[in-house]
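Novice: Okay, so here is target00.tsv, and as you'll see once you scroll down, it has TSV, C-alpha atoms.
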chain	number	residue	atom	x	y	z
A	1	MET	CA	0.00	0.00	0.00
A	2	GLN	CA	2.86	2.30	0.88
A	3	THR	CA	4.71	1.55	-2.39
A	4	LEU	CA	1.54	2.28	-4.36
A	5	ARG	CA	1.29	5.69	-2.81
A	6	GLN	CA	4.97	6.28	-3.51
A	7	LEU	CA	4.54	5.36	-7.17
A	8	THR	CA	1.59	7.68	-7.78
A	9	PRO	CA	3.57	10.85	-8.67
A	10	PHE	CA	5.73	8.82	-11.11
A	11	VAL	CA	2.69	7.28	-12.74
A	12	LYS	CA	1.12	10.70	-13.01
A	13	ASP	CA	4.26	12.13	-14.57
A	14	ALA	CA	4.47	9.23	-17.04
A	15	LEU	CA	0.84	9.78	-18.04
A	16	GLN	CA	1.46	13.49	-18.55
A	17	GLN	CA	4.41	12.81	-20.81
A	18	THR	CA	2.52	10.16	-22.78
A	19	LEU	CA	-0.32	12.62	-23.26
A	20	ARG	CA	2.07	15.27	-24.50
A	21	VAL	CA	3.70	12.84	-26.97
A	22	THR	CA	0.27	11.67	-28.19
A	23	LYS	CA	-0.86	15.26	-28.74
A	24	PHE	CA	2.31	15.93	-30.72
A	25	PHE	CA	1.79	12.88	-32.91
A	26	CYS	CA	-1.84	13.86	-33.49
A	27	PHE	CA	-0.67	17.28	-34.66
A	28	LEU	CA	2.01	15.73	-36.87
A	29	HIS	CA	-0.50	13.33	-38.36
A	30	VAL	CA	-3.06	16.05	-39.10
A	31	THR	CA	-0.39	18.15	-40.82
A	32	ASN	CA	0.57	15.08	-42.81
A	33	THR	CA	-3.01	14.43	-43.89
A	34	TYR	CA	-4.23	17.92	-44.66
A	35	ILE	CA	-1.24	20.10	-45.46
A	36	CYS	CA	1.81	18.33	-46.83
A	37	THR	CA	3.60	15.01	-46.65
A	38	PHE	CA	6.90	13.41	-47.55
A	39	ALA	CA	7.08	10.61	-50.10
A	40	TRP	CA	9.85	8.43	-51.42
A	41	GLY	CA	9.70	8.08	-55.18
A	42	MET	CA	11.83	5.53	-56.97
A	43	GLY	CA	11.85	3.50	-60.16
A	44	PRO	CA	12.29	4.25	-63.83
A	45	SER	CA	8.78	5.42	-64.66
A	46	MET	CA	9.27	9.13	-63.96
A	47	LEU	CA	12.77	9.65	-65.41
A	48	PRO	CA	14.19	12.23	-65.78
A	49	THR	CA	12.01	14.06	-63.24
A	50	ILE	CA	12.48	11.50	-60.45
A	51	ASN	CA	15.57	9.33	-60.49
A	52	LEU	CA	15.86	5.56	-60.47
A	53	TYR	CA	17.38	5.01	-57.02
A	54	GLY	CA	14.99	7.20	-55.08
A	55	ASN	CA	14.16	10.79	-54.34
A	56	LEU	CA	12.58	12.32	-51.27
A	57	LEU	CA	9.58	14.28	-52.49
A	58	LEU	CA	7.38	16.85	-50.83
A	59	ALA	CA	3.70	16.64	-51.73
A	60	GLU	CA	0.97	19.04	-50.71
A	61	ARG	CA	-2.55	17.88	-49.96
A	62	ILE	CA	-4.44	21.11	-50.48
A	63	SER	CA	-4.70	21.14	-54.28
A	64	THR	CA	-6.12	17.62	-54.48
A	65	ARG	CA	-8.70	18.36	-51.82
A	66	LEU	CA	-9.81	21.57	-53.52
A	67	GLY	CA	-9.99	19.87	-56.90
A	68	LYS	CA	-7.32	22.10	-58.42
A	69	VAL	CA	-5.11	19.32	-59.78
A	70	GLY	CA	-4.96	19.36	-63.55
A	71	PRO	CA	-2.95	18.32	-66.60
A	72	GLY	CA	0.81	18.74	-66.14
A	73	ASP	CA	0.86	18.20	-62.37
A	74	VAL	CA	2.88	15.41	-60.80
A	75	VAL	CA	0.71	13.59	-58.27
A	76	LEU	CA	0.89	10.92	-55.60
A	77	VAL	CA	-1.70	8.27	-56.45
A	78	ARG	CA	-2.98	5.18	-54.68
A	79	SER	CA	-2.52	2.32	-57.10
A	80	PRO	CA	-5.81	0.97	-58.51
A	81	GLU	CA	-4.24	-2.48	-58.65
A	82	ASN	CA	-2.87	-2.58	-55.11
A	83	PRO	CA	-4.55	-0.32	-52.54
A	84	ARG	CA	-1.52	-0.40	-50.24
A	85	GLN	CA	0.86	0.91	-52.89
A	86	PHE	CA	1.42	4.50	-53.93
A	87	MET	CA	2.70	5.70	-57.26
A	88	THR	CA	3.99	9.01	-58.56
A	89	LYS	CA	2.78	9.95	-62.02
A	90	ARG	CA	1.93	13.01	-64.08
A	91	VAL	CA	-1.67	13.97	-64.86
A	92	LYS	CA	-2.14	14.09	-68.62
A	93	GLY	CA	-5.90	14.80	-68.73
A	94	GLY	CA	-8.82	15.59	-66.46
A	95	GLU	CA	-12.47	14.59	-66.81
A	96	GLY	CA	-13.86	15.33	-70.23
A	97	ASP	CA	-10.43	15.80	-71.82
A	98	SER	CA	-9.46	13.89	-74.94
A	99	VAL	CA	-6.11	12.15	-74.42
A	100	THR	CA	-3.95	10.78	-77.24
A	101	TYR	CA	-1.25	8.34	-76.24
A	102	LEU	CA	1.26	5.94	-77.72
A	103	VAL	CA	0.04	2.41	-77.05
A	104	ASN	CA	3.44	0.72	-77.19
A	105	PRO	CA	6.19	3.26	-77.94
A	106	LYS	CA	9.03	0.70	-77.85
A	107	ASN	CA	7.60	-1.34	-80.71
A	108	SER	CA	5.26	0.80	-82.75
A	109	ASP	CA	3.98	4.28	-83.48
A	110	GLU	CA	0.36	3.29	-82.91
A	111	GLU	CA	-1.69	5.97	-81.18
A	112	LYS	CA	-5.03	5.81	-79.43
A	113	THR	CA	-7.37	8.58	-78.36
A	114	VAL	CA	-9.67	8.27	-75.39
A	115	THR	CA	-12.02	10.65	-73.56
A	116	VAL	CA	-11.49	10.71	-69.82
A	117	PRO	CA	-14.80	9.86	-68.07
A	118	GLN	CA	-16.40	12.03	-65.40
A	119	GLY	CA	-14.69	11.98	-62.03
A	120	HIS	CA	-11.49	10.41	-63.42
A	121	VAL	CA	-7.99	11.51	-64.47
A	122	TRP	CA	-5.50	10.09	-66.96
A	123	ILE	CA	-2.02	9.61	-65.50
A	124	GLU	CA	1.22	8.78	-67.29
A	125	GLY	CA	4.83	8.41	-66.26
A	126	ASP	CA	7.37	10.82	-67.77
A	127	ASN	CA	9.44	7.89	-69.05
A	128	LYS	CA	6.97	6.52	-71.55
A	129	TYR	CA	9.14	3.53	-72.43
A	130	ASN	CA	9.09	2.03	-68.95
A	131	THR	CA	6.00	2.93	-67.01
A	132	LYS	CA	2.84	1.23	-65.83
A	133	ASP	CA	0.13	3.86	-65.94
A	134	SER	CA	-3.27	4.73	-67.38
A	135	ARG	CA	-2.22	3.28	-70.71
A	136	LYS	CA	-2.33	-0.08	-68.97
A	137	PHE	CA	-5.04	0.22	-66.28
A	138	GLY	CA	-7.17	3.00	-67.71
A	139	PRO	CA	-8.23	6.32	-66.19
A	140	VAL	CA	-8.22	6.41	-62.38
A	141	PRO	CA	-10.93	7.97	-60.18
A	142	TYR	CA	-9.93	11.44	-58.97
A	143	ALA	CA	-10.51	10.33	-55.38
A	144	LEU	CA	-7.42	8.10	-55.55
A	145	LEU	CA	-5.16	11.14	-55.85
A	146	GLN	CA	-3.37	11.68	-52.55
A	147	GLY	CA	-1.33	14.82	-53.14
A	148	ARG	CA	0.50	17.03	-55.62
A	149	VAL	CA	4.28	16.71	-55.66
A	150	PHE	CA	5.89	20.10	-55.82
A	151	CYS	CA	9.54	19.57	-55.02
A	152	VAL	CA	12.38	17.08	-54.72
A	153	LEU	CA	14.31	17.34	-51.45
A	154	TRP	CA	16.94	14.57	-51.43
A	155	PRO	CA	19.58	13.82	-52.61
A	156	PRO	CA	20.86	17.41	-52.62
A	157	GLU	CA	22.15	17.24	-56.19
A	158	ASP	CA	18.59	16.56	-57.31
A	159	PHE	CA	17.02	19.39	-55.34
A	160	LYS	CA	14.50	21.14	-57.58
A	161	SER	CA	10.93	22.23	-57.74
A	162	ILE	CA	8.49	20.29	-59.88
A	163	GLY	CA	6.04	22.36	-61.81
A	164	LYS	CA	3.43	21.91	-64.50
A	165	ASP	CA	4.90	20.37	-67.60
A	166	PHE	CA	2.92	19.92	-70.76
A	167	GLN	CA	4.61	17.54	-73.15
B	1	MET	CA	0.64	59.06	-21.61
B	2	ARG	CA	3.39	56.46	-21.73
B	3	ALA	CA	2.01	54.75	-18.64
B	4	GLN	CA	-1.43	54.51	-20.27
B	5	LEU	CA	0.04	52.98	-23.41
B	6	PHE	CA	1.99	50.48	-21.33
B	7	GLN	CA	-1.15	49.48	-19.40
B	8	PHE	CA	-3.07	49.04	-22.63
B	9	MET	CA	-0.36	46.77	-24.04
B	10	GLN	CA	-0.30	44.68	-20.85
B	11	ARG	CA	-4.04	44.06	-21.06
B	12	TRP	CA	-3.83	43.20	-24.73
B	13	LYS	CA	-1.03	40.74	-24.01
B	14	SER	CA	-3.08	38.82	-21.44
B	15	THR	CA	-6.14	38.68	-23.72
B	16	ALA	CA	-3.97	37.49	-26.58
B	17	LYS	CA	-2.49	34.80	-24.36
B	18	GLU	CA	-5.96	33.64	-23.31
B	19	ALA	CA	-7.12	33.54	-26.92
B	20	MET	CA	-4.01	31.57	-27.83
B	21	ASP	CA	-4.67	29.03	-25.05
B	22	HIS	CA	-8.26	28.54	-26.17
B	23	THR	CA	-7.24	28.17	-29.80
B	24	LEU	CA	-4.65	25.57	-28.82
B	25	LEU	CA	-7.19	23.60	-26.78
B	26	PHE	CA	-9.65	23.75	-29.65
B	27	SER	CA	-7.09	22.56	-32.21
B	28	LYS	CA	-6.04	19.70	-29.90
B	29	PHE	CA	-9.69	18.66	-29.74
B	30	LEU	CA	-10.03	18.86	-33.52
B	31	CYS	CA	-6.88	16.75	-33.92
B	32	LEU	CA	-8.36	14.06	-31.66
B	33	LEU	CA	-11.67	14.23	-33.53
B	34	HIS	CA	-9.85	13.87	-36.84
B	35	VAL	CA	-7.86	10.82	-35.73
B	36	THR	CA	-10.97	9.14	-34.27
B	37	ASN	CA	-13.04	9.92	-37.35
B	38	ASN	CA	-10.47	8.60	-39.77
B	39	TYR	CA	-9.08	5.57	-37.97
B	40	LEU	CA	-11.68	4.40	-35.45
B	41	CYS	CA	-15.28	5.12	-36.33
B	42	SER	CA	-17.52	8.01	-37.29
B	43	PRO	CA	-21.25	8.66	-37.62
B	44	THR	CA	-22.59	9.31	-41.11
B	45	LEU	CA	-25.96	10.35	-42.46
B	46	VAL	CA	-27.00	8.37	-45.54
B	47	TYR	CA	-30.13	8.68	-47.64
B	48	GLY	CA	-31.57	7.60	-50.96
B	49	PRO	CA	-33.45	4.64	-52.42
B	50	SER	CA	-30.53	2.51	-53.54
B	51	MET	CA	-30.18	0.46	-50.36
B	52	LEU	CA	-33.84	-0.25	-49.62
B	53	PRO	CA	-35.04	-2.14	-47.64
B	54	THR	CA	-31.84	-2.27	-45.59
B	55	LEU	CA	-31.51	1.52	-45.30
B	56	ASN	CA	-34.33	4.07	-45.33
B	57	LEU	CA	-35.14	6.48	-48.12
B	58	THR	CA	-35.29	9.57	-45.97
B	59	GLY	CA	-32.09	9.08	-44.03
B	60	ASP	CA	-30.31	6.95	-41.47
B	61	VAL	CA	-27.43	7.77	-39.19
B	62	LEU	CA	-24.95	4.92	-39.34
B	63	VAL	CA	-21.81	4.26	-37.37
B	64	VAL	CA	-19.03	3.51	-39.83
B	65	GLU	CA	-15.88	1.83	-38.56
B	66	LYS	CA	-12.62	2.60	-40.30
B	67	MET	CA	-10.43	-0.27	-39.19
B	68	SER	CA	-11.67	-3.20	-41.28
B	69	HIS	CA	-10.81	-1.75	-44.65
B	70	LEU	CA	-7.35	-0.67	-43.48
B	71	LEU	CA	-6.70	-4.20	-42.22
B	72	GLY	CA	-8.06	-5.65	-45.45
B	73	ILE	CA	-10.85	-7.66	-43.80
B	74	VAL	CA	-13.88	-6.32	-45.66
B	75	GLY	CA	-15.57	-8.86	-47.87
B	76	PRO	CA	-18.71	-9.83	-49.78
B	77	GLY	CA	-21.89	-9.04	-47.88
B	78	ASP	CA	-20.46	-6.00	-46.08
B	79	VAL	CA	-22.15	-2.63	-46.47
B	80	VAL	CA	-19.43	-0.07	-47.12
B	81	LEU	CA	-19.00	3.66	-47.51
B	82	VAL	CA	-17.20	4.40	-50.75
B	83	ARG	CA	-15.99	7.54	-52.50
B	84	SER	CA	-17.89	7.86	-55.75
B	85	PRO	CA	-15.74	7.22	-58.84
B	86	GLU	CA	-17.91	9.69	-60.78
B	87	ASN	CA	-17.72	12.57	-58.33
B	88	PRO	CA	-14.83	12.66	-55.85
B	89	ARG	CA	-16.79	14.88	-53.46
B	90	LYS	CA	-19.65	12.41	-53.08
B	91	THR	CA	-19.80	9.41	-50.76
B	92	ILE	CA	-22.02	6.46	-51.57
B	93	THR	CA	-23.16	3.48	-49.48
B	94	LYS	CA	-23.40	0.10	-51.17
B	95	ARG	CA	-22.92	-3.59	-50.43
B	96	ILE	CA	-19.85	-5.49	-51.61
B	97	VAL	CA	-20.90	-8.34	-53.89
B	98	GLY	CA	-17.48	-9.53	-55.07
B	99	MET	CA	-13.80	-9.06	-54.26
B	100	GLU	CA	-10.84	-9.25	-56.67
B	101	GLY	CA	-10.78	-12.52	-58.54
B	102	ASP	CA	-14.45	-13.31	-57.84
B	103	ARG	CA	-16.88	-13.91	-60.66
B	104	VAL	CA	-19.98	-11.74	-60.36
B	105	THR	CA	-23.24	-12.33	-62.21
B	106	PHE	CA	-25.69	-9.45	-62.27
B	107	LEU	CA	-28.88	-8.24	-63.89
B	108	VAL	CA	-27.91	-5.45	-66.27
B	109	ASP	CA	-31.23	-3.60	-66.21
B	110	PRO	CA	-33.79	-5.45	-64.06
B	111	SER	CA	-36.62	-2.95	-64.60
B	112	HIS	CA	-36.66	-3.56	-68.33
B	113	SER	CA	-35.18	-6.95	-69.10
B	114	ASP	CA	-33.99	-10.25	-67.69
B	115	ARG	CA	-30.57	-9.99	-69.31
B	116	SER	CA	-27.73	-10.94	-67.02
B	117	HIS	CA	-23.99	-10.44	-67.43
B	118	SER	CA	-21.05	-12.09	-65.78
B	119	LEU	CA	-17.44	-10.97	-65.29
B	120	VAL	CA	-14.39	-11.44	-63.10
B	121	VAL	CA	-13.46	-8.61	-60.74
B	122	PRO	CA	-9.95	-7.36	-61.63
B	123	LYS	CA	-7.06	-7.20	-59.18
B	124	GLY	CA	-7.25	-4.44	-56.59
B	125	HIS	CA	-10.96	-3.79	-57.27
B	126	VAL	CA	-14.32	-4.64	-55.70
B	127	TRP	CA	-17.82	-4.97	-57.14
B	128	ILE	CA	-20.51	-3.03	-55.27
B	129	GLN	CA	-24.27	-3.08	-55.69
B	130	GLY	CA	-27.16	-1.42	-53.91
B	131	ASP	CA	-29.69	-3.74	-52.23
B	132	ASN	CA	-32.44	-2.11	-54.30
B	133	ILE	CA	-31.23	-3.12	-57.76
B	134	TYR	CA	-34.08	-1.28	-59.46
B	135	ALA	CA	-32.99	2.14	-58.23
B	136	SER	CA	-29.28	1.95	-57.64
B	137	LYS	CA	-26.35	3.39	-59.56
B	138	ASP	CA	-23.50	1.06	-58.74
B	139	SER	CA	-20.83	-1.16	-60.30
B	140	ARG	CA	-23.37	-2.26	-62.90
B	141	HIS	CA	-23.06	1.29	-64.27
B	142	PHE	CA	-19.53	2.45	-63.50
B	143	GLY	CA	-17.76	-0.89	-63.28
B	144	PRO	CA	-15.66	-2.36	-60.49
B	145	ILE	CA	-14.11	0.27	-58.24
B	146	PRO	CA	-10.54	0.31	-56.86
B	147	TYR	CA	-10.31	-0.98	-53.28
B	148	GLY	CA	-8.58	2.28	-52.35
B	149	LEU	CA	-11.88	4.15	-52.69
B	150	ILE	CA	-13.44	2.33	-49.73
B	151	LEU	CA	-13.76	4.66	-46.74
B	152	GLY	CA	-15.17	2.33	-44.09
B	153	LYS	CA	-17.51	-0.49	-43.19
B	154	VAL	CA	-20.96	0.20	-41.80
B	155	PHE	CA	-21.19	-1.21	-38.31
B	156	CYS	CA	-24.67	-0.34	-37.06
B	157	ARG	CA	-27.51	2.13	-37.31
B	158	VAL	CA	-28.20	4.61	-34.51
B	159	TRP	CA	-31.03	6.74	-35.97
B	160	PRO	CA	-34.01	6.46	-36.38
B	161	PRO	CA	-34.54	4.75	-33.02
B	162	GLU	CA	-36.87	2.12	-34.52
B	163	GLY	CA	-34.05	0.96	-36.72
B	164	PHE	CA	-31.41	0.94	-33.99
B	165	GLY	CA	-29.01	-1.98	-34.21
B	166	LEU	CA	-26.97	-4.03	-36.62
B	167	LEU	CA	-27.98	-4.09	-40.28
B	168	GLU	CA	-29.50	-7.21	-41.84
B	169	GLN	CA	-27.06	-9.50	-43.59
B	170	GLN	CA	-27.68	-10.44	-47.16
B	171	GLU	CA	-25.88	-13.04	-49.21
Please, can you express the file's structure as structure tokens?
Specialist:
Amino acid sequence: MQTLRQLTPFVKDALQQTLRVTKFFCFLHVTNTYICTFAWGMGPSMLPTINLYGNLLLAERISTRLGKVGPGDVVLVRSPENPRQFMTKRVKGGEGDSVTYLVNPKNSDEEKTVTVPQGHVWIEGDNKYNTKDSRKFGPVPYALLQGRVFCVLWPPEDFKSIGKDFQ
Amino acid sequence: MRAQLFQFMQRWKSTAKEAMDHTLLFSKFLCLLHVTNNYLCSPTLVYGPSMLPTLNLTGDVLVVEKMSHLLGIVGPGDVVLVRSPENPRKTITKRIVGMEGDRVTFLVDPSHSDRSHSLVVPKGHVWIQGDNIYASKDSRHFGPIPYGLILGKVFCRVWPPEGFGLLEQQE
């Protein structure tokens, strides 16, 4: 009984600290969800914008939420084939736009034109020879967009801001 | 004159501090609300004819839990809240009929014909249908939807009081 009473101030202190840490994580999480987030982009599909071995990207969440993402923007997308995976691609067309794309640029010059349905966007990787994008799985619903990438932070030699690019 | 100015600034400083404290408390509360709403459960008002007779036409308040879909344990028969693939600002409530790899058979237009169609749900997608197939715009119209559009699984109904409790299962 005596030891219990002796422990009380320590327990109280521990609880206070835990509460403070939890509040900080809540704040960090909310910033991550509503304002901006870090992302690690790697792979060949967005060369030369994002390099093969990996770049630390900064993506903001405000444009996607306000519906202001449009053609030319690089976005963070939840993969329609694997809900736990995220991809970085460039938006080539919004709803209602007519998109013309090369079906298989390595082997032929064949082109196809498609109209993006309502509520969807057409995404493509900058490296059209090695990318899995809307040319393979079709237009993706706008709601799968998670954020707009606006700069590359790491490694320092790759530091740059990513803007709208119409190819 | 200088003393008056000094007094004025002192008062302003204490009011500003009080306002700051209240704002901080309010934002801490909002943070907690956000985390609960997005990762635990949240109440949602749903309405419309597409889920009759399970859900009412004029509106039900449902408790939607957000853990099942994050853990990947939603499946056929579950009523889920989904972001509409046609309008990213709209949320729709439908029942999952098939998961990826399942073969779904459905009536294309039950009000006008008996024609039925069958297909396999692609990887990473789910097939959703409203319980009221005569008045529901679902996967029969916009195709299978990516799993990533699921927002949560409906757990129970809390309003109206006559309908309080778990929803009926349907296979």
Novice: Find the residues near range 89-105 of chain B: any atom within 9 Å, counting only C-alpha atoms, skip ones fewer than 5 places away on the same chain, and give them as a ChimeraX atom specification.
Specialist: /A:65,143 /B:46-47,50-51,74-84,116-131,136,138,147,151,154,170-171
Novice: Within 9 Å of chain B, which residues of chain A come that close, and what is the closest atom pair and distance in Å for each? Count all atoms listed in the file and give it as JSON lines.
Specialist:
{"residue": "A:Lys23", "atom": "CA", "partner": "B:Lys28", "partner_atom": "CA", "distance": 6.9}
{"residue": "A:Cys26", "atom": "CA", "partner": "B:Cys31", "partner_atom": "CA", "distance": 5.8}
{"residue": "A:Phe27", "atom": "CA", "partner": "B:Cys31", "partner_atom": "CA", "distance": 6.3}
{"residue": "A:His29", "atom": "CA", "partner": "B:Val35", "partner_atom": "CA", "distance": 8.2}
{"residue": "A:Val30", "atom": "CA", "partner": "B:Cys31", "partner_atom": "CA", "distance": 6.5}
{"residue": "A:Arg65", "atom": "CA", "partner": "B:Arg89", "partner_atom": "CA", "distance": 9.0}
{"residue": "A:Gly67", "atom": "CA", "partner": "B:Pro88", "partner_atom": "CA", "distance": 8.7}
{"residue": "A:Arg78", "atom": "CA", "partner": "B:Gly148", "partner_atom": "CA", "distance": 6.7}
{"residue": "A:Ser79", "atom": "CA", "partner": "B:Gly148", "partner_atom": "CA", "distance": 7.7}
{"residue": "A:Pro80", "atom": "CA", "partner": "B:Pro146", "partner_atom": "CA", "distance": 5.1}
{"residue": "A:Glu81", "atom": "CA", "partner": "B:Gly124", "partner_atom": "CA", "distance": 4.1}
{"residue": "A:Asn82", "atom": "CA", "partner": "B:Gly124", "partner_atom": "CA", "distance": 5.0}
{"residue": "A:Pro83", "atom": "CA", "partner": "B:Gly148", "partner_atom": "CA", "distance": 4.8}
{"residue": "A:Arg84", "atom": "CA", "partner": "B:Gly148", "partner_atom": "CA", "distance": 7.8}
{"residue": "A:Pro117", "atom": "CA", "partner": "B:Glu86", "partner_atom": "CA", "distance": 7.9}
{"residue": "A:Gln118", "atom": "CA", "partner": "B:Glu86", "partner_atom": "CA", "distance": 5.4}
{"residue": "A:Gly119", "atom": "CA", "partner": "B:Glu86", "partner_atom": "CA", "distance": 4.1}
{"residue": "A:His120", "atom": "CA", "partner": "B:Glu86", "partner_atom": "CA", "distance": 7.0}
{"residue": "A:Val140", "atom": "CA", "partner": "B:Pro85", "partner_atom": "CA", "distance": 8.4}
{"residue": "A:Pro141", "atom": "CA", "partner": "B:Pro85", "partner_atom": "CA", "distance": 5.0}
{"residue": "A:Tyr142", "atom": "CA", "partner": "B:Pro88", "partner_atom": "CA", "distance": 5.9}
{"residue": "A:Ala143", "atom": "CA", "partner": "B:Pro88", "partner_atom": "CA", "distance": 4.9}
{"residue": "A:Leu144", "atom": "CA", "partner": "B:Leu149", "partner_atom": "CA", "distance": 6.6}
Novice: Report as number ranges by chain all protein, DNA and RNA residues lying within 9 Å of Lys66 in chain B, evaluated on only C-alpha atoms, omitting residues in the same chain fewer than 4 positions from it.
Specialist: B: 37-42, 70, 151-154
Novice: Please report the interatomic distance between CA of Pro160 in chain B and CA of Leu55 in chain B in Å with one decimal.
Specialist: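 Atom-to-atom, CA of Pro160 in chain B and CA of Leu55 in chain B are spaced 10.5 Å apart.
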Novice: How far is it from CA of Leu102 in chain A to CA of Tyr129 in chain A, in Å with one decimal?
Specialist: 9.8 Å
Novice: What box, with edges along x, y and z, holds each listed atom of range 133-143 of chain B when 8 Å is added on every side, and can you state its centre and edge lengths in Å to one decimal, as AutoDock Vina command-line options?
Specialist:
--center_x -25.9 --center_y 0.1 --center_z -61.0 --size_x 32.3 --size_y 22.5 --size_z 22.6
Novice: Please measure the separation of CA of Gly94 in chain A and CA of Gly70 in chain A, giving the value in Å to one decimal.
Specialist: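 Atom-to-atom, CA of Gly94 in chain A to CA of Gly70 in chain A, that is 6.1 Å.
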Novice: So which one's closest to Glu157 in chain A, A:Met1, A:Phe25, A:Trp40, A:Leu56? Using only C-alpha atoms, please.
Specialist: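 Going through A:Met1, A:Phe25, A:Trp40, A:Leu56 one by one, the smallest distance to Glu157 in chain A is for A:Leu56.
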Novice: Check the smallest atom-to-atom distance from each of A:Leu52, A:Leu4, A:Val149, A:Ile123 to Lys89 in chain A using all atoms listed in the file, then report the winner.
Specialist: A:Ile123
Novice: Could you give me, as a ChimeraX atom specification, the residues within 10 Å of Gln146 in chain A, counting all atoms listed in the file and dropping anything in the same chain fewer than 6 positions from it?
Specialist: /A:33,37,59-65,75-78,86-88
Novice: For Arg135 in chain A, list every protein, DNA or RNA residue within 9 Å, evaluated using only C-alpha atoms, and leave out those in the same chain fewer than 4 positions away; present the list as an NGL selection string.
Specialist: :A and (101-104 or 122-124 or 139)
Novice: Hey, what's within 8 Å of Pro43 in chain B if we count all atoms listed in the file and toss same-chain stuff fewer than 6 positions away? As a ChimeraX atom specification, please?
Specialist: /B:61-64
Novice: So that I have them on file, write out the residues from the current selection with C-alpha atoms, as a PDB file, in the frame of the given file.
Specialist:
ATOM      1  CA  VAL B  61     -27.430   7.770 -39.190  1.00  0.00           C
ATOM      2  CA  LEU B  62     -24.950   4.920 -39.340  1.00  0.00           C
ATOM      3  CA  VAL B  63     -21.810   4.260 -37.370  1.00  0.00           C
ATOM      4  CA  VAL B  64     -19.030   3.510 -39.830  1.00  0.00           C
TER       5      VAL B  64
END
Novice: Complete the atom set of range 13-27 of chain B to N, CA and C atoms and return it as a tab-separated table (two decimals), in the frame of the given file.
Specialist:
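What landed in result.tsv:
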chain	number	residue	atom	x	y	z
B	13	LYS	N	-1.88	41.94	-24.04
B	13	LYS	CA	-1.03	40.74	-24.01
B	13	LYS	C	-1.74	39.60	-23.30
B	14	SER	N	-2.42	39.91	-22.17
B	14	SER	CA	-3.08	38.82	-21.44
B	14	SER	C	-4.28	38.29	-22.21
B	15	THR	N	-5.02	39.16	-22.91
B	15	THR	CA	-6.14	38.68	-23.72
B	15	THR	C	-5.64	37.81	-24.86
B	16	ALA	N	-4.53	38.27	-25.47
B	16	ALA	CA	-3.97	37.49	-26.58
B	16	ALA	C	-3.54	36.12	-26.09
B	17	LYS	N	-2.93	36.08	-24.90
B	17	LYS	CA	-2.49	34.80	-24.36
B	17	LYS	C	-3.68	33.89	-24.11
B	18	GLU	N	-4.77	34.43	-23.59
B	18	GLU	CA	-5.96	33.64	-23.31
B	18	GLU	C	-6.55	33.10	-24.62
B	19	ALA	N	-6.60	33.98	-25.62
B	19	ALA	CA	-7.12	33.54	-26.92
B	19	ALA	C	-6.26	32.43	-27.48
B	20	MET	N	-4.95	32.58	-27.34
B	20	MET	CA	-4.01	31.57	-27.83
B	20	MET	C	-4.25	30.23	-27.14
B	21	ASP	N	-4.43	30.26	-25.80
B	21	ASP	CA	-4.67	29.03	-25.05
B	21	ASP	C	-5.94	28.34	-25.53
B	22	HIS	N	-7.00	29.13	-25.72
B	22	HIS	CA	-8.26	28.54	-26.17
B	22	HIS	C	-8.14	27.95	-27.55
B	23	THR	N	-7.43	28.68	-28.45
B	23	THR	CA	-7.24	28.17	-29.80
B	23	THR	C	-6.48	26.85	-29.77
B	24	LEU	N	-5.45	26.79	-28.93
B	24	LEU	CA	-4.65	25.57	-28.82
B	24	LEU	C	-5.49	24.40	-28.34
B	25	LEU	N	-6.33	24.65	-27.31
B	25	LEU	CA	-7.19	23.60	-26.78
B	25	LEU	C	-8.16	23.11	-27.86
B	26	PHE	N	-8.71	24.08	-28.59
B	26	PHE	CA	-9.65	23.75	-29.65
B	26	PHE	C	-8.98	22.92	-30.74
B	27	SER	N	-7.77	23.33	-31.16
B	27	SER	CA	-7.09	22.56	-32.21
B	27	SER	C	-6.70	21.18	-31.72
